[in-house]
Structure formats: structure tokens, C-alpha cells
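K.L.:
Have a look at this one.
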Amino acid sequence: MEQLKTIGRELAMGSQGGFGQSKEFLDLVKSIGEARSKAEEDRIVLSEIDILKRKLLEPDIPKRKMKEYIIRLVYIEMLGHDASFGYIHAVKMTHDDNLLLKRTGYLAVTLFLNEDHDLIILIVNTIQKDLRSDNYLVVCAALNAICRLINEETIPAVLPQVVDLLNHHKEAVRKKAIMALHRFHRKSPSSVSHLISNFRKRLCDNDPGVMGATLCPLFDLITEDVASYKDLVSSFVSILKQVTERRLPKSYDYHQMPAPFIQIKLLKIMALLGSGDKSASEIMYMVLGDLFRKCDSSTNIGNAILYECIRSISCIIPSPKLLEAAADAISKFLKSDSHNLKYMGIDGLGRLIKISPDIAEQHQLAVIDCLEDPDDTLKRKTFELLYKMTKSSNVEVIVDRMIDYMISINDNHYKTEIASRCVELAEQFAPSNQWFIQVIMNKVFEHAGDLVNIKVAHNLMRLIAEGFGEDDDDADSKLRLSAVESYLQIMSEPKLPSLFLQVISWVLGEYGTADGKYSASYISGKLCDVADAYSSDETVKGYAVSALMKIYAFEIASGRKVDVLPECQSLIEELLASHSTDLQQRAYELQALLALDARAVESILPLDASCEDIEVDKDLSFLNGYIQQAIESGAQPYISERERSGMLETTDYHSQDHHEVPSHALRFEAYERPKPSSLRTQASTELVPVPEPSYYSEAHQPISTSSVSERESSEIKLRLDGVKQKWGRPSYQSSTSASSTPPQAANGTSSHPDVGVGSSSLKPRSSYESKKPEIDPEKQRLAASLFGGSSSSRSDRKSSSGGHKPAKGTASKPPKENPIPVQPPPDLLDFGEPTATSVTATDPFKELEGLMDSSSQDGGSTDVMGVLYSDAAPVTTTTSVDSLLSELSDSSKGNPGTYQSQTSKGPNSQEALEKDALVRQMGVNPTSQNPTLFKDLLG
């Protein structure tokens with residue numbers, strides 16, 4: 001009660017003009033109001049900012065003074081100046097226990113901050129505390145702040161408390177809780193998707209305000225998914241019926257209309273639910289008819305409800321009685337003196353003519369009156385209506401009025417829209433091609449040529465070339481002659497649009513001398529005048545030169561003597577030295593054409609051949625014989641650009657795991673922790689494989705089998721399993737292939753000795769062979785419509801035509817003596833580098849190998865870089881791989897104590913490096929020869 005008295009005193013002081021503020025604040029408001037310029041206002045506000053900065057730094061500021069300072073900061077912020085230095089004081093005021101100060105703080109914070117501001121986190125705890133308050137005014141203040149400040153990240157912090165407030169005993173709290181949930185749904189629908197049922201429950205709330213607030217989130221939900229809320233049609237109709245019967249309290253009346261804004265929202269919802277649904281529409285007929293009868297058309301709010309009824313009827317499946325009632329309402333709108341009501345009538349008429357075109361005929365005079373109204377907005381709305389009601393019987397009148405209006409306005413944006421609509425209507429409903437060319441196209445191009453789409457010009461040229469399309473040569477000739485005559489008259493205008501001049505030049509070049517009425521000299525002179533008058537427009541000059549070429553070609557082909565006018569000759573000489581390569585080429589072509597005989601010219605530019613069909617062989621089938629001959633001679637089949645790009649979008653690691661990810665996609669999985677490289681102390685001394693890079697191609701001399709067996713028994717291995725070479729370009733071959741034929745790699749270097757090109761154990765060389773890139777469904781549909789098949793099916797056929805590509809998912813076959821398949825070690829360092837089709841990069845370690853080789857020749861150290869960063873270098877050796885591994889295995893089994901003694905003393909890195917270099921030089925992949933022992937060694 002004490003707080004209410006305080007608010008009452010504040011309001012009483014406000015009614016006296018003071019609002020309880022100090023004289024300084026009132027002087028500030030007065031001085032700003034009396035400021036005569038923006039500069040003077042800025043000076044006053046900047047001075048006030050300096051004063052507030054000093055006062056806010058004072059200690060122990062009274063709460064009443066701080067409240068005034070916050071209000072003055074709000075005033076400064078509203079005038080467009082920065083008051084961020086005082087934001088923190090507004091945040092602190094939201095913590096105050098005094099209701100008036102708390103609400104002032106919340107008001108200031110909602111005006112100062114946005115949902116992404118750094119200070120938002122400081123008030124979340126305060127909001128949570130205030131939502132649990134016993135004072136519903138405090139709860140309402142916190143809910144108001146939630147609707148303005150809570151973002152997607154802080155929704156979970158307050159969502160449970162807001163849901164609990166839906167059952168609060170105060171209707172104001174329930175209403176604001178609904179509004180807060182609506183805000184949450186708009187910010188993050190997934191966060192409240194499980195609470196949608198609460199909106200349905202609140203629709204039956206006893207308080208009309210809560211019910212009205214629930215209509216807003218329900219409208220959004222129904223807009224997204226109409227089918228899920230069809231069961232609520234009868235409920236909405238029942239609510240609207242109760243509202244129209246004035247069962248709500250009088251406090252909800254506005255200008256003697258019962259809850260008009262609730263009615264409008266219900267009508268919008270019913271329009272969504274009744275669209276295309278006859279049963280739902282029939283339920284609405286009675287209540288909509290009552291609205292037409294009960295609405296008071298003498299008030300603006302009553303007319304607003306009538307207009308919303310018309311919109312709802314245009315969306316649902318209406319009855320004849322409702323259409324008649326809507327037509328009567330539209331008639332009242334159109335007969336009104338208010339421009340706003342006329343605008344509503346025109347808009348409603350445009351909606352209803354889609355259902356019943358006859359309605360517009362009843363209001364012809366009213367529409368004409370609106371068309372001649374000085375209100376430009378109403379006139380444009382009327383043209384939209386005329387555009388919708390155009391037919392072949394009225395197209396001439398409507399288009400003529402639209403062209404006249406287009407000529408009278410200066411708004412290029414709307415002039416472009418009018419011009420495009422005129423062209424569209426003329427193309428659809430033109431009574432004759434003659435009218436289309438003479439009346440419409442010439443006027444549109446003449447007055448809005450630069451604003452017309454270039455496709456319209458191409459359509460016009462095609463129409464003139466094709467004629468009436470009824471094999472009536474006389475009618476076509478008359479059409480073209482009429483176009484030539486009209487264009488020769490229009491050319492006398494001082495300034496014409498560039499696009500229109502292009503059309504004129506093309507028509508004169510094609511048909512200027514076709515009927516013999518105009519001589520070649522006369523037409524060529526006109527064309528030279530165009531090129532000279534618009535010398536800065538290269539496109540127009542190009543069209544003029546091409547037209548001259550056609551004129552002279554037709555003269556030469558007919559056997560007549562060609563007399564090139566002096567101005568034409570000077571134009572040609574000028575363009576021969578032009579900086580534009582296009583104009584220069586056209587001039588050279590014209591000069592060359594004048595020197596040809598009649599037969600050659602007739603073949604180059606035949607008369608009236610602009611509409612002849614040109615057959616285009618998109619597949620270049622005439623090259624099939626040549627391609628087949630080249631393939632039989634050993635050439636590789638063509639790989640399309642899309643497939644080639646697919647090579648660069650995947651890596652060997654991806655193809656090994658049978659799931660490719662494009663290189664441009666982000667990878668969110670964590671990197672695998674590398675395994676510890678501790679040596680296993682066991683009797684087996686199976687060789688550890690070394691990755692094989694494609695760039696390492698130096699051949700090493702064969703090493704005798706006896707020396708291998710002698711070293712093998714006493715050396716400790718360097719474990720490099722799971723480590724992939726990351727420098728240089730990786731090869732396409734998998735390290736687990738098991739063929740024994742040494743083929744030639746795609747890059748020209750020898751591949752691993754145990755990989756065969758034609759064998760079934762070969763893995764795909766690139767990602768496109770194992771997985772096609774995904775194709776946009778829209779592109780597939782477009783391809784199907786253009787070429788009669790989808791792009792994916794064509795690519796499948798193209799890729800399957802090449803016999804060199806293995807089938808997807810082909811796995812390496814293990815040797816017969818070891819039927820257990822070997823899984824390739826994981827690539828721990830795979831960062832998604834794109835694979836390459838050829839190796840041209842220089843090995844960054846070859847230069848270091850030169851230094852190591854010199855020491856090896858002197859009996860020094862082993863090739864350390866080759867051991868660490870090289871797979872087995874592919875060489876050709878006469879030593880049997882099976883016999884070599886057999887000897888190595890026997891020697892290791894015969895000397896188990898040697899291995900144990902070596903490991904007990906610690907690893908001998910020098911001997912290990914020498915042994916691995918030996919294995920690399922021999923080109924042996926022990927993984928493919930004895931996968932079981934290798935798997936045991938890796939553990």
C-alpha cells in the first residue's frame with residue numbers, strides 16, 4: 001500500500017508538470033525544446049553528459065537523485081547520444097528493493113541494452129530472484145525485461161520459472177508469461193517445443209487478456225504447420241462468436257466495438273485454417289456473416305474488421321452469400337470520400353476477383369474514379385487491380401492507360417515495374433502482332449527503353465522474324481514493312497534508349513531492303529547516322545555495323561552493284577583502328593565480305609534466315625570414331641572436370657575408411673592420440689613397414705639376402721605404424737595391396753612391387769571412383785528437364801564407360817597362405833589434404849639425403865631421412881620376396897636370445913636405422929606378405 005501511495009504522489013506531481021524531478025532536469029528539457037539548431041542541441045546534450053559523468057562519480061548518491069540521473073541518461077540516449085558510461089548504474093538499480101526504483105532500473109536497462117550486451121549476464125540472477133517475488137508488480141517488471149533482454153543462451157536459466165508463472169493467480173502475470181514464452185519461441189523454437197501444449201491450455205483461460213495474448217503465439221505456430229491445429233477451428237469460431245455477442249467485459253470495448261483486436265487476430269487465424277479446407281470453411285460461414293451484419297462501418301475500427309473479413313473470405317472457400325456481403329462492403333469502401341477506405345476497397349476487390357471475376361464489373365465506374373484520383377498511392381493500387389483483371393477484351397484500354405501513366409511519372413523504380421507489366425500483358429493478351437509492335441513495343445521502348453529487360457528486346461526481334469506463324473507470307477511481309485517504316489520515323493527523335501536502337505538496327509539490317517521500297521544506300525545512310533550519333537555506345541555501333549554487313553550482303557547476293565557511301569567507308573576505316581576488339585573485328589569482317597563473290601556471300605549470310613533452326617550437337621557425337629580409335633591405340637578415356645575436381649576433394653585416409661568428406665568441410669572429430677612407440681619384447685622380429693611416398697623414386701642397388709639375415713637377428717625396429725607422410729604429395733595406391741606385379745604408377749614413377757594395376761586388389765586411385773560428389777536435387781531436375789536425364793545418371797554412365805576404373809569398395813585380397821585380412825593402420829596425421837593426380841613437387845628431404853649419402857659411401861651412417869619419411873623405394877630386384885622373408889623369419893626364430901638381450905640393454909638406434917633402410921631399399925612390404933605376424937607385432 002505504501003508503494004501505491006508513492007506511485008500516486010509521483011503521478012500527481014507529473015500531472016502538475018514536474019514528475020517530481022529537480023529544476024535542473026526541467027531546465028534541460030526546456031532548453032533542448034527551445035534549441036533552434038541541431039548544433040545547439042548537441043552542445044546542450046554534451047554539456048549535460050559532462051555534468052552527469054561528474055555526478056555519477058560522487059560517493060553516497062541518494063536513491064532519489066540516482067533515479068533522476070538514470071532518467072536523464074535515458075533522455076540523452078533517446079536523443080541519439082552515447083550514455084554507456086551510466087549503464088552499470090541502471091543495472092545496479094534493478095537490484096534495489098524499492099519497487100519504484102526497481103521498475104525504473106528495469107525500464108532503463110531495457111532501453112539501454114540489447115540481448116547481446118555484455119552486461120546482460122549481470123541481471124539474469126536479479127531476474128530469477130524477482131520472478132519468485134510475492135509482489136506481482138515485481139514479477140511483471142522482470143517478465144517485461146525478459147521479453148526484451150533474454151537471448152538464446154540465457155533462456156534455460158529462466159524458462160522453468162516462466163512456465164510456473166503460467167498458473168499464477170494474477171492474470172497480468174499469466175499474460176506476460178505467455179508473452180515471454182512467445183519471445184522464447186521466436187528466438188529458439190527448439191527450447192520451448194515441448195511446451196506448445198501450454199498455449200492450447202491458456203486459450204481456455206478465464207481472463208480474456210490471457211486468451212488474447214495466447215492468440216499471437218498460436219498464429220505463428222499455425223502459420224508454420226496448419227494441419228496440426230485443424231482441431232481448433234471450432235474453438236476459434238466459438239471464441240469469435242462469444243466476442244461478437246459482447247460476452248466480454250466492457251473494458252475490452254474500443255469505440256463501442258467488442259475486443260476488435262482479438263477479432264482481427266481470430267480472423268487471421270481462421271483464414272489460415274480454412275484455406276483449401278471446405279469443411280473448416282463451412283464452420284466459419286455463420287460467424288463471418290454475423291460480423292458483416294454487426295460491424296459498424298461508421299468507425300475506423302469497424303471498417304478494419306470488415307476489411308479483415310474480406311481478406312478471410314478471399315482465403316477460405318466462400319459461400320455465395322458471403323461473397324455478396326463482401327461485395328457490398330467493398331462498394332461502401334469505394335463510394336467513401338476517404339482515400340484510406342478507397343484503398344481498402346481496391347485491395348479487397350483485387351482479392352475477390354481471383355474467386356469471382358464478375359465482381360469487378362459491378363464497380364467499373366468506381367475503379368475509373370480511383371484511376372483518375374490525384375492520390376498517387378491510390379492510383380498505383382488501382383493499376384495493380386487492373387493488372388489482375390486484364391483479359392484479351394480489355395487489354396488495349398488497360399495497357400494504354402498504364403503506358404500513359406508510365407510516361408507521366410519520374411520514379412524509375414515504379415516506371416520499370418509498369419513497363420514490365422505492360423510488356424507481360426501485351427505478350428499474353430495482344431489481339432494482333434501489329435498492335436503489339438506498333439502500339440506497345442515502340443511506346444514502351446521509346447519512353448522506358450533503358451529500364452526494360454533485354455529479354456523483352458530479344459522477344460520482340462523474334463516476333464518480327466517469325467511473323468504470325470500461320471504460313472501467311474503476305475501478312476508477315478506487311479508486319480515487317482510496318483516495323484521498318486515506324487522505326488525510320490522514330491529514328492528522327494533526338495534521343496532514344498540504347499536497347500531500342502539495338503532493336504531498330506537489327507530490324508533495318510534484316511528487313512530494311514526486303515520489299516524494295518527503300519534502297520540500300522538510304523538504309524545504310526540511316527545506320528551510319530545512328531553509329532555517328534551514338535559514337536560513345538559501343539553496343540549500338542556494333543549492331544549498326546552488323547546491319548550494314550547484312551544490307552551489303554543481300555545486295556551482293558542478289559547480283560546488284562554495291563556502292564559504299566563515303567560516310568560508311570569512313571566509319572569502317574575508323575573502326576578498323578578502334579580500341580574495341582569487337583568493333584574492330586566487325587569492321588574487318590565487313591571489309592572482307594565486300595570483296596567476296598555473290599555465291600560465297602549467299603552462303604555466309606542467307607536472306608531471311610534469322611529464324612532457321614540450328615541443330616547443336618551437345619555431345620559432339622561426330623568425334624566418337626576418333627575417340628574410339630585413340631582409345632584402341634592406348635589413349636586414356638576422358639575424365640570430366642567434375643570427376644577431376646572430385647580427386648582433389650578427398651584423401652587416401654578417407655577412401656580407406658570408405659567415407660569421404662570434402663576437403664572444404666570442417667572436421668569436428670578429435671584427433672586420435674598417438675600410440676606410445678615402446679618396443680614389444682617378444683621373440684618375433686617381423687619387419688615393421690615404412691610408409692611409401694610417391695615422390696621418392698631413386699632406385700637403390702639390390703642387397704644380398706645373407707646380409708639381410710645377418711643384420712635382422714640383432715637389430716631393433718623403429719615403429720612408425722599409424723604415421724603418415726605429410727610432406728610432399730601422397731600417392732593414390734594403398735599400402736595394403738597384395739598383388740606381386742610391379743606396375744607403373746600414374747605419375748610416371750614405379751609403384752609398390754606388390755600392387756597390380758589390373759588386379760581386383762587395387763583400391764580406387766581417387767575419391768571420385770569410390771564416391772560420386774553429391775549433386776544438388778535442383779540441378780538434377782534442371783538437367784532432367786533440359787536433356788531428358790539427370791546429371792547423376794549421366795555421370796554414372798560416363799564413369800562406367802572407362803574400363804580403367806575399379807569398382808567401388810574393391811578390397812585387397814590377402815595371400816592364400818594368410819587368409820586373415822589386414823586393416824590399414826589409422827592415419828593420425830591426416831589433416832584432410834587434397835590428393836593430387838600427379839607428383840610434380842620436389843621432395844623437401846632429397847637435398848638432405850645427398851648429405852647422408854656421402855657419409856654412407858665412406859662407411860658412415862645410414863640414410864636417416866629415408867627411414868623416417870619414406871615408404872619402401874620401388875626398385876626391381878632379383879631376390880625372391882618369399883625366400884627373403886622365409887630366411888628373415890628363420891633367423892629371427894633361431895636367435896630369440898639376441899632380441900631379448902638387445903632390448904634389455906636398450907634400443908640400438910644405429911642398427912635399427914640401418915635395418916629399416918635395408919628393408920626400404922629392398923622394396924618389401926611385409927604387411928602384405930605376412931599380415932598375421934605384423935598384426936601381432938603392432939598389438
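Residue numbers start at 1 in each chain; chains themselves are named A, B, ... in the order of the C-alpha cells; ligands are numbered from 1 in the order shown.
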Find the residues around A:Leu334 up to 9 Å (only C-alpha atoms counted), leave out those fewer than 4 positions away in its own chain, and share them as a list in words.

P.N.:
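Within the cut-off, the hits are Ala329, Ile330, Ser338, His339, Leu341, Lys342, Tyr343, Met344, Gly345, Ile346, His363, Ala366, Val367 and Cys370 of chain A.
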
K.L.:
Next, the residues of the selection above should be written as a PDB file, in the first residue's frame with N, CA and C atoms.

P.N.:
```
ATOM      1  N   ALA A 329     -19.700  -4.601 -48.927  1.00  0.00           N
ATOM      2  CA  ALA A 329     -18.741  -3.865 -48.101  1.00  0.00           C
ATOM      3  C   ALA A 329     -17.722  -3.141 -48.969  1.00  0.00           C
ATOM      4  N   ILE A 330     -17.266  -3.789 -50.029  1.00  0.00           N
ATOM      5  CA  ILE A 330     -16.309  -3.147 -50.936  1.00  0.00           C
ATOM      6  C   ILE A 330     -16.953  -1.955 -51.620  1.00  0.00           C
ATOM      7  N   SER A 338     -13.077   8.988 -48.217  1.00  0.00           N
ATOM      8  CA  SER A 338     -11.763   8.775 -47.613  1.00  0.00           C
ATOM      9  C   SER A 338     -10.867   7.980 -48.557  1.00  0.00           C
ATOM     10  N   HIS A 339      -9.681   8.475 -48.771  1.00  0.00           N
ATOM     11  CA  HIS A 339      -8.729   7.757 -49.616  1.00  0.00           C
ATOM     12  C   HIS A 339      -8.322   6.433 -48.983  1.00  0.00           C
ATOM     13  N   LEU A 341     -10.208   4.412 -47.162  1.00  0.00           N
ATOM     14  CA  LEU A 341     -11.251   3.426 -47.405  1.00  0.00           C
ATOM     15  C   LEU A 341     -11.271   3.018 -48.881  1.00  0.00           C
ATOM     16  N   LYS A 342     -11.027   3.952 -49.794  1.00  0.00           N
ATOM     17  CA  LYS A 342     -10.947   3.592 -51.199  1.00  0.00           C
ATOM     18  C   LYS A 342      -9.792   2.613 -51.448  1.00  0.00           C
ATOM     19  N   TYR A 343      -8.687   2.876 -50.787  1.00  0.00           N
ATOM     20  CA  TYR A 343      -7.528   1.981 -50.924  1.00  0.00           C
ATOM     21  C   TYR A 343      -7.904   0.579 -50.449  1.00  0.00           C
ATOM     22  N   MET A 344      -8.586   0.482 -49.292  1.00  0.00           N
ATOM     23  CA  MET A 344      -9.030  -0.813 -48.788  1.00  0.00           C
ATOM     24  C   MET A 344     -10.003  -1.480 -49.757  1.00  0.00           C
ATOM     25  N   GLY A 345     -10.897  -0.680 -50.381  1.00  0.00           N
ATOM     26  CA  GLY A 345     -11.837  -1.247 -51.343  1.00  0.00           C
ATOM     27  C   GLY A 345     -11.148  -1.800 -52.569  1.00  0.00           C
ATOM     28  N   ILE A 346     -10.158  -1.069 -53.094  1.00  0.00           N
ATOM     29  CA  ILE A 346      -9.412  -1.548 -54.265  1.00  0.00           C
ATOM     30  C   ILE A 346      -8.652  -2.823 -53.926  1.00  0.00           C
ATOM     31  N   HIS A 363     -18.195  -2.615 -60.335  1.00  0.00           N
ATOM     32  CA  HIS A 363     -17.598  -1.393 -59.783  1.00  0.00           C
ATOM     33  C   HIS A 363     -16.694  -0.716 -60.802  1.00  0.00           C
ATOM     34  N   ALA A 366     -16.369   3.127 -60.243  1.00  0.00           N
ATOM     35  CA  ALA A 366     -15.584   3.443 -59.048  1.00  0.00           C
ATOM     36  C   ALA A 366     -14.100   3.216 -59.303  1.00  0.00           C
ATOM     37  N   VAL A 367     -13.794   2.175 -60.052  1.00  0.00           N
ATOM     38  CA  VAL A 367     -12.380   1.903 -60.360  1.00  0.00           C
ATOM     39  C   VAL A 367     -11.809   3.001 -61.249  1.00  0.00           C
ATOM     40  N   CYS A 370     -11.036   5.989 -59.169  1.00  0.00           N
ATOM     41  CA  CYS A 370      -9.781   5.805 -58.414  1.00  0.00           C
ATOM     42  C   CYS A 370      -8.572   5.939 -59.340  1.00  0.00           C
TER      43      CYS A 370
END
```

K.L.:
Enumerate the residues of stretch 495-562 of chain A with a DSSP assignment of helix (DSSP H, G or I), computed from the backbone, and present them as number ranges by chain.

P.N.:
A: 498-511, 520-533, 538-557

K.L.:
Just asking: which residues within stretch 234-447 of chain A are strand (DSSP E or B) according to DSSP, as a VMD selection string?

P.N.:
chain A and resid 253 to 254 257 to 258 275 316

K.L.:
Can you write just those residues out, N, CA and C atoms, as a tab-separated table (two decimals), in the first residue's frame?

P.N.:
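Done, and the output landed in out30.tsv:
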```tsv
chain	number	residue	atom	x	y	z
A	253	ASP	N	-13.98	-3.10	-24.81
A	253	ASP	CA	-14.58	-2.40	-25.95
A	253	ASP	C	-13.69	-1.26	-26.40
A	254	TYR	N	-13.69	-1.03	-27.70
A	254	TYR	CA	-12.93	0.09	-28.27
A	254	TYR	C	-13.82	0.75	-29.32
A	257	MET	N	-16.85	-1.17	-30.13
A	257	MET	CA	-16.65	-2.47	-30.78
A	257	MET	C	-16.05	-3.43	-29.76
A	258	PRO	N	-16.65	-4.61	-29.58
A	258	PRO	CA	-16.15	-5.55	-28.56
A	258	PRO	C	-14.82	-6.19	-28.97
A	275	SER	N	-8.12	-22.24	-45.44
A	275	SER	CA	-7.60	-22.20	-46.80
A	275	SER	C	-7.59	-23.60	-47.40
A	316	ILE	N	-10.48	-18.51	-47.66
A	316	ILE	CA	-11.21	-19.76	-47.47
A	316	ILE	C	-12.04	-20.06	-48.71
```

K.L.:
Set the distance at 10 Å and use only C-alpha atoms: which residues neighbour A:Leu137 once local chain neighbours fewer than 6 positions away are removed? I'd like the list as a PDB file with all heavy atoms, in the first residue's frame.

P.N.:
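Result file is out_37.pdb:
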```pdb
ATOM      1  N   LEU A  99      10.215  -0.680  -5.054  1.00  0.00           N
ATOM      2  CA  LEU A  99       9.534  -1.031  -6.299  1.00  0.00           C
ATOM      3  C   LEU A  99       9.710   0.036  -7.371  1.00  0.00           C
ATOM      4  O   LEU A  99       9.985  -0.281  -8.533  1.00  0.00           O
ATOM      5  CB  LEU A  99       8.042  -1.241  -6.013  1.00  0.00           C
ATOM      6  CG  LEU A  99       7.158  -1.498  -7.242  1.00  0.00           C
ATOM      7  CD1 LEU A  99       7.583  -2.755  -7.973  1.00  0.00           C
ATOM      8  CD2 LEU A  99       5.693  -1.575  -6.834  1.00  0.00           C
ATOM      9  N   ARG A 103      11.618  -0.703 -10.886  1.00  0.00           N
ATOM     10  CA  ARG A 103      10.955  -0.586 -12.184  1.00  0.00           C
ATOM     11  C   ARG A 103      11.648   0.465 -13.062  1.00  0.00           C
ATOM     12  O   ARG A 103      11.737   0.313 -14.278  1.00  0.00           O
ATOM     13  CB  ARG A 103       9.486  -0.231 -11.980  1.00  0.00           C
ATOM     14  CG  ARG A 103       8.714  -1.317 -11.253  1.00  0.00           C
ATOM     15  CD  ARG A 103       7.253  -0.979 -11.145  1.00  0.00           C
ATOM     16  NE  ARG A 103       6.593  -1.012 -12.436  1.00  0.00           N
ATOM     17  CZ  ARG A 103       5.284  -0.826 -12.602  1.00  0.00           C
ATOM     18  NH1 ARG A 103       4.505  -0.607 -11.558  1.00  0.00           N
ATOM     19  NH2 ARG A 103       4.750  -0.862 -13.808  1.00  0.00           N
ATOM     20  N   ASP A 130      13.560 -11.973  -8.858  1.00  0.00           N
ATOM     21  CA  ASP A 130      12.315 -11.203  -8.960  1.00  0.00           C
ATOM     22  C   ASP A 130      11.157 -12.056  -9.461  1.00  0.00           C
ATOM     23  O   ASP A 130       9.992 -11.776  -9.140  1.00  0.00           O
ATOM     24  CB  ASP A 130      12.512 -10.001  -9.873  1.00  0.00           C
ATOM     25  CG  ASP A 130      13.436  -8.960  -9.265  1.00  0.00           C
ATOM     26  OD1 ASP A 130      13.613  -8.982  -8.032  1.00  0.00           O
ATOM     27  OD2 ASP A 130      13.988  -8.140 -10.021  1.00  0.00           O
ATOM     28  N   LEU A 143       9.315  -9.942 -15.989  1.00  0.00           N
ATOM     29  CA  LEU A 143       8.854 -10.536 -17.243  1.00  0.00           C
ATOM     30  C   LEU A 143       8.992  -9.558 -18.408  1.00  0.00           C
ATOM     31  O   LEU A 143       9.296  -9.961 -19.543  1.00  0.00           O
ATOM     32  CB  LEU A 143       7.401 -10.982 -17.091  1.00  0.00           C
ATOM     33  CG  LEU A 143       7.180 -12.219 -16.204  1.00  0.00           C
ATOM     34  CD1 LEU A 143       5.698 -12.449 -15.985  1.00  0.00           C
ATOM     35  CD2 LEU A 143       7.822 -13.452 -16.828  1.00  0.00           C
ATOM     36  N   ALA A 172      -2.453 -10.665 -14.964  1.00  0.00           N
ATOM     37  CA  ALA A 172      -1.396  -9.884 -15.615  1.00  0.00           C
ATOM     38  C   ALA A 172      -0.106 -10.684 -15.701  1.00  0.00           C
ATOM     39  O   ALA A 172       0.625 -10.611 -16.703  1.00  0.00           O
ATOM     40  CB  ALA A 172      -1.168  -8.574 -14.871  1.00  0.00           C
ATOM     41  N   VAL A 173       0.188 -11.467 -14.665  1.00  0.00           N
ATOM     42  CA  VAL A 173       1.398 -12.287 -14.676  1.00  0.00           C
ATOM     43  C   VAL A 173       1.268 -13.400 -15.716  1.00  0.00           C
ATOM     44  O   VAL A 173       2.211 -13.685 -16.460  1.00  0.00           O
ATOM     45  CB  VAL A 173       1.662 -12.862 -13.270  1.00  0.00           C
ATOM     46  CG1 VAL A 173       2.854 -13.809 -13.294  1.00  0.00           C
ATOM     47  CG2 VAL A 173       1.904 -11.734 -12.270  1.00  0.00           C
TER      48      VAL A 173
END
```

K.L.:
Atom CA of A:Leu73 and atom CA of A:Thr94 are how many Å apart?

P.N.:
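Separation between atom CA of A:Leu73 and atom CA of A:Thr94: 15.4 Å.
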
K.L.:
For A:Ile76, which residue out of A:Tyr414, A:Tyr518, A:Phe199, A:Phe112 is the nearest one, using only C-alpha atoms?

P.N.:
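Ranking A:Tyr414, A:Tyr518, A:Phe199, A:Phe112 by distance to A:Ile76, first place goes to A:Phe112.
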
K.L.:
Using only C-alpha atoms, find the one residue out of A:Ser558, A:Ser22, A:Ser640, A:Gln428 that sits nearest to A:Glu396.

P.N.:
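Comparing A:Ser558, A:Ser22, A:Ser640, A:Gln428 against A:Glu396, the winner is A:Gln428.
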
K.L.:
Write out as a ChimeraX atom specification which residues come within 10 Å of stretch 223-229 of chain A when counting only C-alpha atoms, dropping same-chain ones fewer than 2 positions away.

P.N.:
/A:200,217-221,231-233,269,272-275

K.L.:
Using only C-alpha atoms, pick whichever of A:Val484, A:Ile504, A:Ala448, A:Val601 has the shortest atom-to-atom distance to A:Lys550.

P.N.:
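Nearest to A:Lys550: A:Val601.
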
K.L.:
So that I can check the surroundings of A:Thr104, please list as a ChimeraX atom specification every protein, DNA and RNA residue that reaches within 9 Å of it, counting only C-alpha atoms and ignoring chain neighbours fewer than 4 positions away.

P.N.:
/A:67,70-71,90,93-94,99-100,108-109

K.L.:
Keeping N, CA and C atoms for every residue in the selection just given, could you write it to a file as a PDB file, in the first residue's frame?

P.N.:
```
ATOM      1  N   LYS A  67      17.880   8.005  -9.271  1.00  0.00           N
ATOM      2  CA  LYS A  67      16.757   7.748 -10.170  1.00  0.00           C
ATOM      3  C   LYS A  67      16.640   8.859 -11.210  1.00  0.00           C
ATOM      4  N   ILE A  70      19.366   8.534 -13.837  1.00  0.00           N
ATOM      5  CA  ILE A  70      19.078   7.468 -14.797  1.00  0.00           C
ATOM      6  C   ILE A  70      18.079   7.948 -15.841  1.00  0.00           C
ATOM      7  N   ILE A  71      17.060   8.685 -15.382  1.00  0.00           N
ATOM      8  CA  ILE A  71      16.063   9.201 -16.324  1.00  0.00           C
ATOM      9  C   ILE A  71      16.705  10.197 -17.291  1.00  0.00           C
ATOM     10  N   ALA A  90      22.278   1.780 -14.039  1.00  0.00           N
ATOM     11  CA  ALA A  90      20.931   1.287 -14.280  1.00  0.00           C
ATOM     12  C   ALA A  90      20.820  -0.186 -13.899  1.00  0.00           C
ATOM     13  N   MET A  93      20.485  -0.453 -10.227  1.00  0.00           N
ATOM     14  CA  MET A  93      19.187  -0.029  -9.717  1.00  0.00           C
ATOM     15  C   MET A  93      18.157  -1.152  -9.809  1.00  0.00           C
ATOM     16  N   THR A  94      18.349  -2.110 -10.730  1.00  0.00           N
ATOM     17  CA  THR A  94      17.411  -3.237 -10.793  1.00  0.00           C
ATOM     18  C   THR A  94      17.504  -4.110  -9.549  1.00  0.00           C
ATOM     19  N   LEU A  99      10.215  -0.680  -5.054  1.00  0.00           N
ATOM     20  CA  LEU A  99       9.534  -1.031  -6.299  1.00  0.00           C
ATOM     21  C   LEU A  99       9.710   0.036  -7.371  1.00  0.00           C
ATOM     22  N   LEU A 100       9.587   1.298  -6.978  1.00  0.00           N
ATOM     23  CA  LEU A 100       9.693   2.373  -7.970  1.00  0.00           C
ATOM     24  C   LEU A 100      11.087   2.426  -8.577  1.00  0.00           C
ATOM     25  N   ALA A 108      15.115   1.454 -17.709  1.00  0.00           N
ATOM     26  CA  ALA A 108      16.346   1.990 -18.297  1.00  0.00           C
ATOM     27  C   ALA A 108      17.177   0.888 -18.949  1.00  0.00           C
ATOM     28  N   VAL A 109      17.251  -0.273 -18.286  1.00  0.00           N
ATOM     29  CA  VAL A 109      18.066  -1.367 -18.823  1.00  0.00           C
ATOM     30  C   VAL A 109      17.495  -1.866 -20.153  1.00  0.00           C
TER      31      VAL A 109
END
```

K.L.:
I'd like the neighbourhood of A:Ile437 as a list in words, where a residue qualifies if any of its atoms comes within 9 Å (using only C-alpha atoms), though same-chain residues fewer than 2 positions away should be ignored.

P.N.:
Ser432, Asn433, Gln434, Trp435, Val439, Ile440, Met441, Asn442, Leu460, Leu463, Ile464, Leu479, Ser482 and Ala483 of chain A

K.L.:
If you count only C-alpha atoms, which residues fall within 12 Å of A:Ala180, apart from same-chain ones fewer than 4 positions away, as a PyMOL selection string?

P.N.:
chain A and resi 140-151+155+158-163+165-166+173-176+184-187+192+199+213-214+216-217

K.L.:
Please compute the atom CA of A:Met66-atom CA of A:Leu101 distance, one decimal, in Å.

P.N.:
9.1 Å
